$ cat upload12.cif   # mmCIF, C-alpha atoms and all ligand atoms
data_upload
loop_
_atom_site.label_atom_id
_atom_site.label_comp_id
_atom_site.auth_asym_id
_atom_site.auth_seq_id
_atom_site.Cartn_x
_atom_site.Cartn_y
_atom_site.Cartn_z
CA MET A 1 -55.32 -90.48 -21.44
CA ASN A 2 -55.93 -86.99 -20.03
CA ASP A 3 -54.17 -86.00 -16.81
CA ILE A 4 -56.38 -86.34 -13.78
CA ASP A 5 -57.09 -83.20 -11.81
CA PHE A 6 -57.76 -83.47 -8.06
CA SER A 7 -59.40 -80.74 -6.01
CA SER A 8 -60.82 -80.10 -2.55
CA GLU A 9 -62.53 -76.84 -3.57
CA MET A 10 -66.09 -76.00 -4.59
CA GLY A 11 -66.36 -73.73 -7.62
CA VAL A 12 -69.14 -71.19 -7.07
CA GLU A 13 -69.72 -68.22 -9.36
CA LEU A 14 -72.44 -65.68 -9.89
CA ILE A 15 -73.80 -66.04 -13.43
CA GLU A 16 -76.44 -63.34 -13.11
CA SER A 17 -78.47 -61.54 -10.48
CA TRP A 18 -81.62 -59.52 -10.94
CA GLY A 19 -83.43 -57.07 -8.73
CA SER A 20 -81.88 -55.40 -5.69
CA ASP A 21 -82.51 -54.53 -2.05
CA ARG A 22 -84.37 -51.50 -3.37
CA LYS A 23 -86.60 -53.69 -5.49
CA VAL A 24 -87.45 -55.82 -2.45
CA ALA A 25 -88.64 -52.67 -0.65
CA GLN A 26 -90.49 -51.39 -3.72
CA SER A 27 -92.18 -54.73 -4.17
CA ALA A 28 -93.44 -54.58 -0.57
CA ARG A 29 -94.60 -50.95 -0.89
CA VAL A 30 -96.85 -51.81 -3.82
CA SER A 31 -99.24 -53.15 -1.18
CA THR A 32 -99.54 -49.80 0.61
CA LEU A 33 -98.42 -47.11 -1.88
CA GLY A 34 -99.21 -48.60 -5.27
CA LEU A 35 -96.91 -48.42 -8.28
CA ASP A 36 -95.30 -45.01 -7.68
CA ASN A 37 -93.47 -45.94 -4.49
CA ASP A 38 -89.70 -45.62 -5.00
CA ARG A 39 -88.35 -44.25 -1.66
CA GLU A 40 -84.80 -43.71 -0.39
CA LYS A 41 -85.27 -45.41 2.96
CA ILE A 42 -85.33 -49.17 2.70
CA THR A 43 -83.24 -50.69 5.50
CA GLY A 44 -85.84 -50.75 8.29
CA LEU A 45 -88.52 -52.05 5.94
CA VAL A 46 -86.37 -54.86 4.51
CA ARG A 47 -85.35 -55.90 8.02
CA ALA A 48 -88.98 -55.94 9.23
CA LEU A 49 -90.15 -57.88 6.19
CA TRP A 50 -87.69 -60.71 6.76
CA ARG A 51 -88.06 -60.68 10.55
CA ASP A 52 -91.86 -60.86 10.39
CA GLY A 53 -92.03 -63.50 7.66
CA HIS A 54 -93.32 -61.30 4.81
CA PHE A 55 -91.29 -63.29 2.31
CA SER A 56 -92.93 -62.62 -1.05
CA PRO A 57 -91.07 -59.31 -1.76
CA PHE A 58 -87.86 -61.36 -1.67
CA GLU A 59 -89.19 -63.40 -4.61
CA SER A 60 -88.96 -60.43 -6.99
CA SER A 61 -85.15 -60.57 -6.96
CA GLY A 62 -82.87 -63.54 -7.49
CA MET A 63 -79.72 -65.13 -8.86
CA THR A 64 -78.36 -67.80 -11.12
CA ILE A 65 -75.28 -69.40 -9.58
CA GLY A 66 -72.91 -71.76 -11.38
CA PHE A 67 -71.38 -74.66 -9.44
CA ASP A 68 -68.37 -76.78 -10.28
CA ALA A 69 -68.77 -79.44 -7.61
CA PRO A 70 -68.59 -83.20 -7.06
CA MET A 71 -71.64 -85.25 -7.97
CA PHE A 72 -72.41 -86.00 -4.32
CA VAL A 73 -72.78 -82.23 -3.73
CA ARG A 74 -74.88 -81.87 -6.89
CA ASP A 75 -77.23 -84.54 -5.49
CA GLN A 76 -77.77 -82.39 -2.40
CA LEU A 77 -78.17 -79.16 -4.40
CA VAL A 78 -80.91 -80.57 -6.62
CA ARG A 79 -83.04 -81.48 -3.58
CA HIS A 80 -83.93 -77.78 -3.40
CA LYS A 81 -87.09 -77.98 -5.50
CA SER A 82 -87.91 -74.30 -5.50
CA PHE A 83 -84.94 -73.73 -7.87
CA ALA A 84 -84.53 -74.34 -11.60
CA PHE A 85 -81.50 -76.39 -12.65
CA SER A 86 -79.40 -76.98 -15.72
CA VAL A 87 -76.93 -79.83 -15.22
CA LYS A 88 -74.03 -81.03 -17.39
CA SER A 89 -75.02 -84.17 -19.29
CA LEU A 90 -72.78 -87.22 -19.29
CA ARG A 91 -75.05 -88.78 -21.95
CA TYR A 92 -74.35 -86.10 -24.55
CA SER A 93 -70.84 -85.04 -23.51
CA GLU A 94 -67.79 -86.80 -22.15
CA ALA A 95 -66.74 -86.39 -18.54
CA ALA A 96 -63.68 -84.32 -17.66
CA PRO A 97 -61.14 -86.05 -15.38
CA LYS A 98 -61.54 -83.92 -12.28
CA PHE A 99 -62.17 -85.61 -8.91
CA TYR A 100 -62.72 -84.52 -5.33
CA VAL A 101 -60.25 -85.48 -2.62
CA PRO A 102 -60.92 -84.32 0.98
CA GLY A 103 -58.50 -81.57 1.96
CA GLU A 104 -56.43 -81.62 5.13
CA ASP A 105 -58.96 -79.44 6.99
CA ARG A 106 -61.88 -81.78 6.24
CA PRO A 107 -62.82 -83.66 9.45
CA LEU A 108 -62.95 -87.40 8.78
CA ALA A 109 -64.19 -89.16 11.92
CA GLN A 110 -67.88 -89.25 12.88
CA VAL A 111 -68.60 -89.34 16.62
CA GLY A 112 -71.70 -88.91 18.80
CA LYS A 113 -75.23 -90.06 18.09
CA ALA A 114 -77.59 -90.05 15.11
CA LEU A 115 -79.00 -86.62 14.16
CA ASP A 116 -76.34 -84.98 16.33
CA TYR A 117 -73.06 -86.36 15.03
CA ARG A 118 -69.88 -84.39 15.41
CA ARG A 119 -66.95 -84.62 13.05
CA GLU A 120 -63.37 -84.74 14.28
CA PRO A 121 -60.12 -84.47 12.32
CA GLY A 122 -59.34 -88.20 12.42
CA THR A 123 -56.12 -90.13 12.98
CA ALA A 124 -53.05 -89.92 10.78
CA LEU A 125 -54.00 -93.33 9.33
CA GLN A 126 -57.52 -92.13 8.48
CA GLN A 127 -56.13 -88.97 6.90
CA LYS A 128 -53.55 -90.76 4.76
CA SER A 129 -55.77 -93.68 3.76
CA THR A 130 -58.76 -91.54 2.88
CA ARG A 131 -56.80 -89.41 0.47
CA SER A 132 -54.89 -92.26 -1.15
CA ILE A 133 -58.04 -94.40 -1.57
CA HIS A 134 -59.94 -91.48 -3.14
CA ARG A 135 -57.10 -90.97 -5.60
CA ALA A 136 -56.72 -94.66 -6.46
CA ASN A 137 -60.47 -95.07 -6.92
CA ALA A 138 -60.63 -92.03 -9.22
CA GLU A 139 -57.63 -93.15 -11.27
CA GLY A 140 -58.95 -96.72 -11.66
CA SER A 141 -62.43 -95.63 -12.63
CA TRP A 142 -61.06 -93.05 -15.08
CA ILE A 143 -58.95 -95.72 -16.83
CA ASP A 144 -62.05 -97.93 -17.20
CA TYR A 145 -64.22 -95.02 -18.40
CA ASP A 146 -61.62 -93.84 -20.89
CA TYR A 147 -61.13 -97.37 -22.23
CA MET A 148 -64.84 -97.83 -22.87
CA ILE A 149 -65.01 -94.45 -24.65
CA GLN A 150 -61.96 -95.43 -26.79
CA ILE A 151 -63.63 -98.67 -27.94
CA GLY A 152 -66.83 -96.85 -28.81
CA VAL A 153 -69.11 -97.55 -25.87
CA ALA A 154 -71.80 -94.86 -25.55
CA ASP A 155 -71.09 -92.04 -23.06
CA GLU A 156 -74.32 -92.84 -21.21
CA VAL A 157 -73.10 -96.39 -20.49
CA ALA A 158 -69.42 -95.69 -19.86
CA ARG A 159 -70.32 -93.08 -17.22
CA ASN A 160 -71.74 -95.77 -14.96
CA VAL A 161 -68.29 -96.57 -13.59
CA LEU A 162 -67.48 -93.01 -12.49
CA PRO A 163 -67.65 -92.34 -8.72
CA PRO A 164 -69.63 -89.57 -6.98
CA SER A 165 -66.36 -87.73 -6.37
CA LEU A 166 -66.33 -86.75 -10.08
CA TYR A 167 -66.84 -83.02 -10.58
CA THR A 168 -69.82 -81.85 -12.55
CA GLN A 169 -71.23 -78.45 -13.44
CA LEU A 170 -74.65 -76.94 -13.03
CA TRP A 171 -76.60 -73.73 -12.94
CA MET A 172 -79.02 -73.17 -10.07
CA THR A 173 -81.58 -70.40 -10.49
CA GLY A 174 -83.90 -69.12 -7.81
CA SER A 175 -85.37 -66.17 -6.00
CA LEU A 176 -83.63 -64.39 -3.17
CA ARG A 177 -86.15 -66.00 -0.82
CA SER A 178 -85.13 -69.46 -1.98
CA TRP A 179 -81.43 -68.66 -1.71
CA LEU A 180 -81.82 -67.42 1.87
CA HIS A 181 -83.72 -70.60 2.75
CA PHE A 182 -80.87 -72.53 1.12
CA LEU A 183 -78.39 -70.66 3.34
CA ASP A 184 -80.45 -71.45 6.45
CA GLN A 185 -80.14 -75.15 5.70
CA ARG A 186 -76.76 -75.46 4.08
CA THR A 187 -74.58 -73.11 6.17
CA ASP A 188 -75.85 -74.85 9.29
CA LYS A 189 -73.38 -77.04 11.18
CA HIS A 190 -75.50 -80.13 10.45
CA ALA A 191 -75.02 -79.73 6.69
CA GLN A 192 -72.25 -81.75 5.09
CA TYR A 193 -68.85 -80.08 5.04
CA GLU A 194 -68.60 -79.83 1.25
CA ILE A 195 -72.04 -78.31 0.61
CA ARG A 196 -71.30 -75.94 3.49
CA GLN A 197 -68.14 -74.86 1.63
CA ALA A 198 -70.32 -74.09 -1.40
CA ALA A 199 -73.05 -72.40 0.69
CA ASN A 200 -70.48 -70.16 2.40
CA GLU A 201 -69.49 -68.88 -1.03
CA VAL A 202 -73.13 -68.31 -1.97
CA GLU A 203 -73.45 -66.36 1.29
CA ALA A 204 -70.57 -64.09 0.27
CA ILE A 205 -72.22 -63.48 -3.13
CA ILE A 206 -75.52 -62.52 -1.48
CA CYS A 207 -73.70 -60.27 0.98
CA GLU A 208 -72.05 -58.43 -1.93
CA ASN A 209 -75.10 -58.14 -4.18
CA PHE A 210 -77.94 -57.72 -1.67
CA PRO A 211 -76.25 -56.22 1.44
CA THR A 212 -79.43 -54.93 3.12
CA THR A 213 -81.31 -58.18 2.64
CA TYR A 214 -78.26 -60.11 3.76
CA SER A 215 -77.98 -58.16 7.01
CA ALA A 216 -81.76 -58.59 7.59
CA TRP A 217 -81.36 -62.36 7.17
CA LEU A 218 -78.30 -62.44 9.43
CA GLY A 219 -79.99 -60.34 12.10
CA ALA A 220 -83.00 -62.66 12.26
CA LYS A 221 -80.97 -65.86 12.69
C1 LIG B 301 -78.62 -81.40 7.19
C2 LIG B 301 -79.51 -81.99 6.13
C3 LIG B 301 -79.67 -83.36 6.06
C4 LIG B 301 -80.50 -83.93 5.09
N1 LIG B 301 -80.64 -85.29 5.04
C5 LIG B 301 -81.45 -85.84 4.12
C6 LIG B 301 -81.64 -87.26 4.06
O1 LIG B 301 -81.04 -88.01 4.83
N2 LIG B 301 -82.46 -87.77 3.12
C7 LIG B 301 -83.14 -86.95 2.25
O2 LIG B 301 -83.90 -87.47 1.42
N3 LIG B 301 -83.00 -85.62 2.28
C8 LIG B 301 -82.18 -85.04 3.19
N4 LIG B 301 -82.01 -83.67 3.21
C9 LIG B 301 -82.72 -82.86 2.20
C10 LIG B 301 -83.95 -82.17 2.83
O3 LIG B 301 -84.89 -83.12 3.28
C11 LIG B 301 -84.62 -81.25 1.80
O4 LIG B 301 -85.11 -82.01 0.70
C12 LIG B 301 -83.68 -80.20 1.24
O5 LIG B 301 -82.90 -79.64 2.27
C13 LIG B 301 -84.49 -79.11 0.53
O6 LIG B 301 -85.26 -78.42 1.51
P1 LIG B 301 -86.64 -77.72 1.17
O7 LIG B 301 -87.62 -78.72 0.62
O8 LIG B 301 -87.06 -76.97 2.41
O9 LIG B 301 -86.18 -76.65 0.07
P2 LIG B 301 -86.83 -76.28 -1.30
O10 LIG B 301 -87.08 -77.49 -2.10
O11 LIG B 301 -86.01 -75.20 -1.93
O12 LIG B 301 -88.24 -75.69 -0.92
C14 LIG B 301 -88.35 -74.44 -0.26
C15 LIG B 301 -89.65 -74.44 0.52
O13 LIG B 301 -90.76 -74.55 -0.40
C16 LIG B 301 -91.78 -75.35 0.20
N5 LIG B 301 -91.94 -76.58 -0.55
C17 LIG B 301 -91.09 -77.09 -1.46
N6 LIG B 301 -91.59 -78.21 -1.99
C18 LIG B 301 -92.78 -78.42 -1.38
C19 LIG B 301 -93.77 -79.42 -1.49
N7 LIG B 301 -93.63 -80.46 -2.33
N8 LIG B 301 -94.86 -79.33 -0.71
C20 LIG B 301 -95.01 -78.29 0.14
N9 LIG B 301 -94.11 -77.30 0.29
C21 LIG B 301 -93.02 -77.37 -0.47
C22 LIG B 301 -91.32 -75.65 1.62
O14 LIG B 301 -91.77 -74.65 2.50
C23 LIG B 301 -89.81 -75.60 1.49
O15 LIG B 301 -89.14 -75.38 2.72
C24 LIG B 301 -81.20 -83.09 4.15
C25 LIG B 301 -81.03 -81.71 4.25
C26 LIG B 301 -80.20 -81.16 5.20
C27 LIG B 301 -80.03 -79.65 5.25
#
$ encode --input "upload12.cif" --output "structure tokens"
Amino acid sequence: MNDIDFSSEMGVELIESWGSDRKVAQSARVSTLGLDNDREKITGLVRALWRDGHFSPFESSGMTIGFDAPMFVRDQLVRHKSFAFSVKSLRYSEAAPKFYVPGEDRPLAQVGKALDYRREPGTALQQKSTRSIHRANAEGSWIDYDYMIQIGVADEVARNVLPPSLYTQLWMTGSLRSWLHFLDQRTDKHAQYEIRQAANEVEAIICENFPTTYSAWLGAK
């Protein structure tokens, strides 16, 4: 049996980006200047476009991002319908034994009222039990999965016993507009801790690749 890998991290990597801050500005200027509109100054325009809700120029640029994340995070990512997805198949390939375990910084106790819950660190018992139960559950399910594969059960049936803490991999492709909307929702304090970890990394990628657009988005928050 393969060794089991445990992680508390979200793998997020830029696969490809297209367009640029300059292209956002050029795309907007087509409406007033036509095709020959490449100008040096773009910052004020990009800021005004985002602030005033002229979103379509932000659709001319975009990114494909690769995620290595637990299945419960994948389930939240694929709710974003304005993206295109490519997700690892557990029908046509075997799972890899990598499972999520909450890290020590991950708050475990839910307090407050519905729609406005707060999370607190949790007691020592909650901390210890949560991690050991995640590990035991992953190990037990992996033994069962591996056994079924060994005796020739189809991947698509054996996978049924694997928990949502199993890591999977996917590509998520969308326009800059969609990614900024994603950041609005998934860097917010109401978003689940783990998808927020992933969204914070997406935010850093946007900041690096589209700095003017990023600062326009940040300034309008
Ligand atoms: C904190 C949080 C809690 C959540 N809890 C739940 C939950 O308990 N249960 C649950 O089912 N989901 C839940 N969700 C998912 C949420 O309801 C959305 O499905 C998800 O966030 C994607 O948002 P979106 O549709 O705006 O984004 P996208 O799918 O990327 O769409 C972007 C935008 O395109 C437009 N658009 C997309 N599809 C349509 C359409 N069919 N018709 C018209 N306009 C469209 C909208 O303007 C939309 O905002 C939660 C999300 C968050 C952030």
$ residues_near_ligand --input "upload12.cif" --ligand "ligand LIG 301 (chain B)" --cutoff "7 Å" --atoms "all atoms listed in the file" --output "list of chain:residue names"
A:Gln76, A:Arg79, A:His80, A:Lys81, A:Ser82, A:Phe83, A:Ser178, A:His181, A:Phe182, A:Gln185, A:Arg186, A:His190, A:Ala191, A:Gln192
$ axis_aligned_box --input "upload12.cif" --around "range 192-210 of chain A" --padding-each-side "4 Å" --output "JSON"
{"center_x": -73.0, "center_y": -69.7, "center_z": 0.5, "size_x": 17.8, "size_y": 32.0, "size_z": 17.3}
$ residues_around --input "upload12.cif" --residues "Leu45 in chain A" --least-positions-apart "4" --cutoff "8 Å" --atoms "all atoms listed in the file" --output "count of residues only"
3
$ closest_residue --input "upload12.cif" --among "A:Arg47, A:Lys113, A:Arg159, A:Arg177" --to "Glu59 in chain A" --atoms "all atoms listed in the file"
A:Arg177
$ closest_residue --input "upload12.cif" --among "A:Ser175, A:Thr168, A:Thr187, A:Asn160" --to "Ser20 in chain A" --atoms "only C-alpha atoms"
A:Ser175
$ residues_around --input "upload12.cif" --residues "Pro97 in chain A" --least-positions-apart "5" --cutoff "8 Å" --atoms "all atoms listed in the file" --output "VMD selection string"
chain A and resid 2 to 5 142 166
$ write_last_selection --input "upload12.cif" --atoms "C-alpha atoms" --output "short mmCIF file (atom, residue, chain, number, x, y, z; two decimals), in the coordinates of the input"
data_model
loop_
_atom_site.label_atom_id
_atom_site.label_comp_id
_atom_site.auth_asym_id
_atom_site.auth_seq_id
_atom_site.Cartn_x
_atom_site.Cartn_y
_atom_site.Cartn_z
CA ASN A 2 -55.93 -86.99 -20.03
CA ASP A 3 -54.17 -86.00 -16.81
CA ILE A 4 -56.38 -86.34 -13.78
CA ASP A 5 -57.09 -83.20 -11.81
CA TRP A 142 -61.06 -93.05 -15.08
CA LEU A 166 -66.33 -86.75 -10.08
#
$ closest_residue --input "upload12.cif" --among "A:Thr173, A:Ser132, A:Ser89, A:Ser31" --to "Gly66 in chain A" --atoms "only C-alpha atoms"
A:Thr173
$ closest_residue --input "upload12.cif" --among "A:Glu120, A:Glu194, A:Asp188, A:Glu40" --to "Met71 in chain A" --atoms "only C-alpha atoms"
A:Glu194
$ closest_residue --input "upload12.cif" --among "A:Leu183, A:Ala204, A:Val87, A:Val24" --to "Phe58 in chain A" --atoms "only C-alpha atoms"
A:Val24
$ closest_residue --input "upload12.cif" --among "A:Ile149, A:Leu35, A:Tyr100, A:Phe67" --to "Ile133 in chain A" --atoms "only C-alpha atoms"
A:Tyr100
$ build_atoms --input "upload12.cif" --residues "range 195-211 of chain A" --atoms "N, CA, C and O atoms" --output "compact mmCIF listing (two decimals), keeping the file's coordinate frame"
# COMPACT_ATOMS: atom_id res chain seq x y z
N ILE A 195 -70.98 -79.22 1.06
CA ILE A 195 -72.04 -78.31 0.61
C ILE A 195 -71.99 -77.02 1.44
O ILE A 195 -72.34 -75.94 0.97
N ARG A 196 -71.49 -77.16 2.69
CA ARG A 196 -71.30 -75.94 3.49
C ARG A 196 -70.22 -75.05 2.88
O ARG A 196 -70.34 -73.82 2.88
N GLN A 197 -69.16 -75.66 2.35
CA GLN A 197 -68.14 -74.86 1.63
C GLN A 197 -68.80 -74.06 0.51
O GLN A 197 -68.55 -72.87 0.33
N ALA A 198 -69.66 -74.76 -0.27
CA ALA A 198 -70.32 -74.09 -1.40
C ALA A 198 -71.29 -73.02 -0.89
O ALA A 198 -71.34 -71.90 -1.41
N ALA A 199 -72.05 -73.36 0.17
CA ALA A 199 -73.05 -72.40 0.69
C ALA A 199 -72.37 -71.16 1.26
O ALA A 199 -72.89 -70.05 1.15
N ASN A 200 -71.20 -71.33 1.86
CA ASN A 200 -70.48 -70.16 2.40
C ASN A 200 -70.11 -69.20 1.27
O ASN A 200 -70.11 -67.98 1.44
N GLU A 201 -69.81 -69.76 0.10
CA GLU A 201 -69.49 -68.88 -1.03
C GLU A 201 -70.74 -68.19 -1.58
O GLU A 201 -70.71 -67.04 -1.99
N VAL A 202 -71.86 -68.94 -1.57
CA VAL A 202 -73.13 -68.31 -1.97
C VAL A 202 -73.45 -67.17 -1.00
O VAL A 202 -73.86 -66.07 -1.41
N GLU A 203 -73.19 -67.41 0.27
CA GLU A 203 -73.45 -66.36 1.29
C GLU A 203 -72.65 -65.09 0.97
O GLU A 203 -73.19 -63.98 1.04
N ALA A 204 -71.39 -65.26 0.60
CA ALA A 204 -70.57 -64.09 0.27
C ALA A 204 -71.12 -63.35 -0.96
O ALA A 204 -71.09 -62.11 -1.02
N ILE A 205 -71.65 -64.11 -1.92
CA ILE A 205 -72.22 -63.48 -3.13
C ILE A 205 -73.48 -62.68 -2.76
O ILE A 205 -73.70 -61.56 -3.24
N ILE A 206 -74.31 -63.25 -1.90
CA ILE A 206 -75.52 -62.52 -1.48
C ILE A 206 -75.14 -61.27 -0.70
O ILE A 206 -75.71 -60.19 -0.91
N CYS A 207 -74.16 -61.41 0.18
CA CYS A 207 -73.70 -60.27 0.98
C CYS A 207 -73.25 -59.13 0.05
O CYS A 207 -73.55 -57.96 0.31
N GLU A 208 -72.57 -59.46 -1.02
CA GLU A 208 -72.05 -58.43 -1.93
C GLU A 208 -73.16 -57.80 -2.78
O GLU A 208 -73.15 -56.60 -3.03
N ASN A 209 -74.10 -58.62 -3.21
CA ASN A 209 -75.10 -58.14 -4.18
C ASN A 209 -76.38 -57.63 -3.55
O ASN A 209 -77.10 -56.84 -4.17
N PHE A 210 -76.70 -58.12 -2.35
CA PHE A 210 -77.94 -57.72 -1.67
C PHE A 210 -77.61 -57.44 -0.20
O PHE A 210 -78.09 -58.14 0.71
N PRO A 211 -76.77 -56.41 0.07
CA PRO A 211 -76.25 -56.22 1.44
C PRO A 211 -77.33 -55.96 2.49
O PRO A 211 -77.22 -56.43 3.63
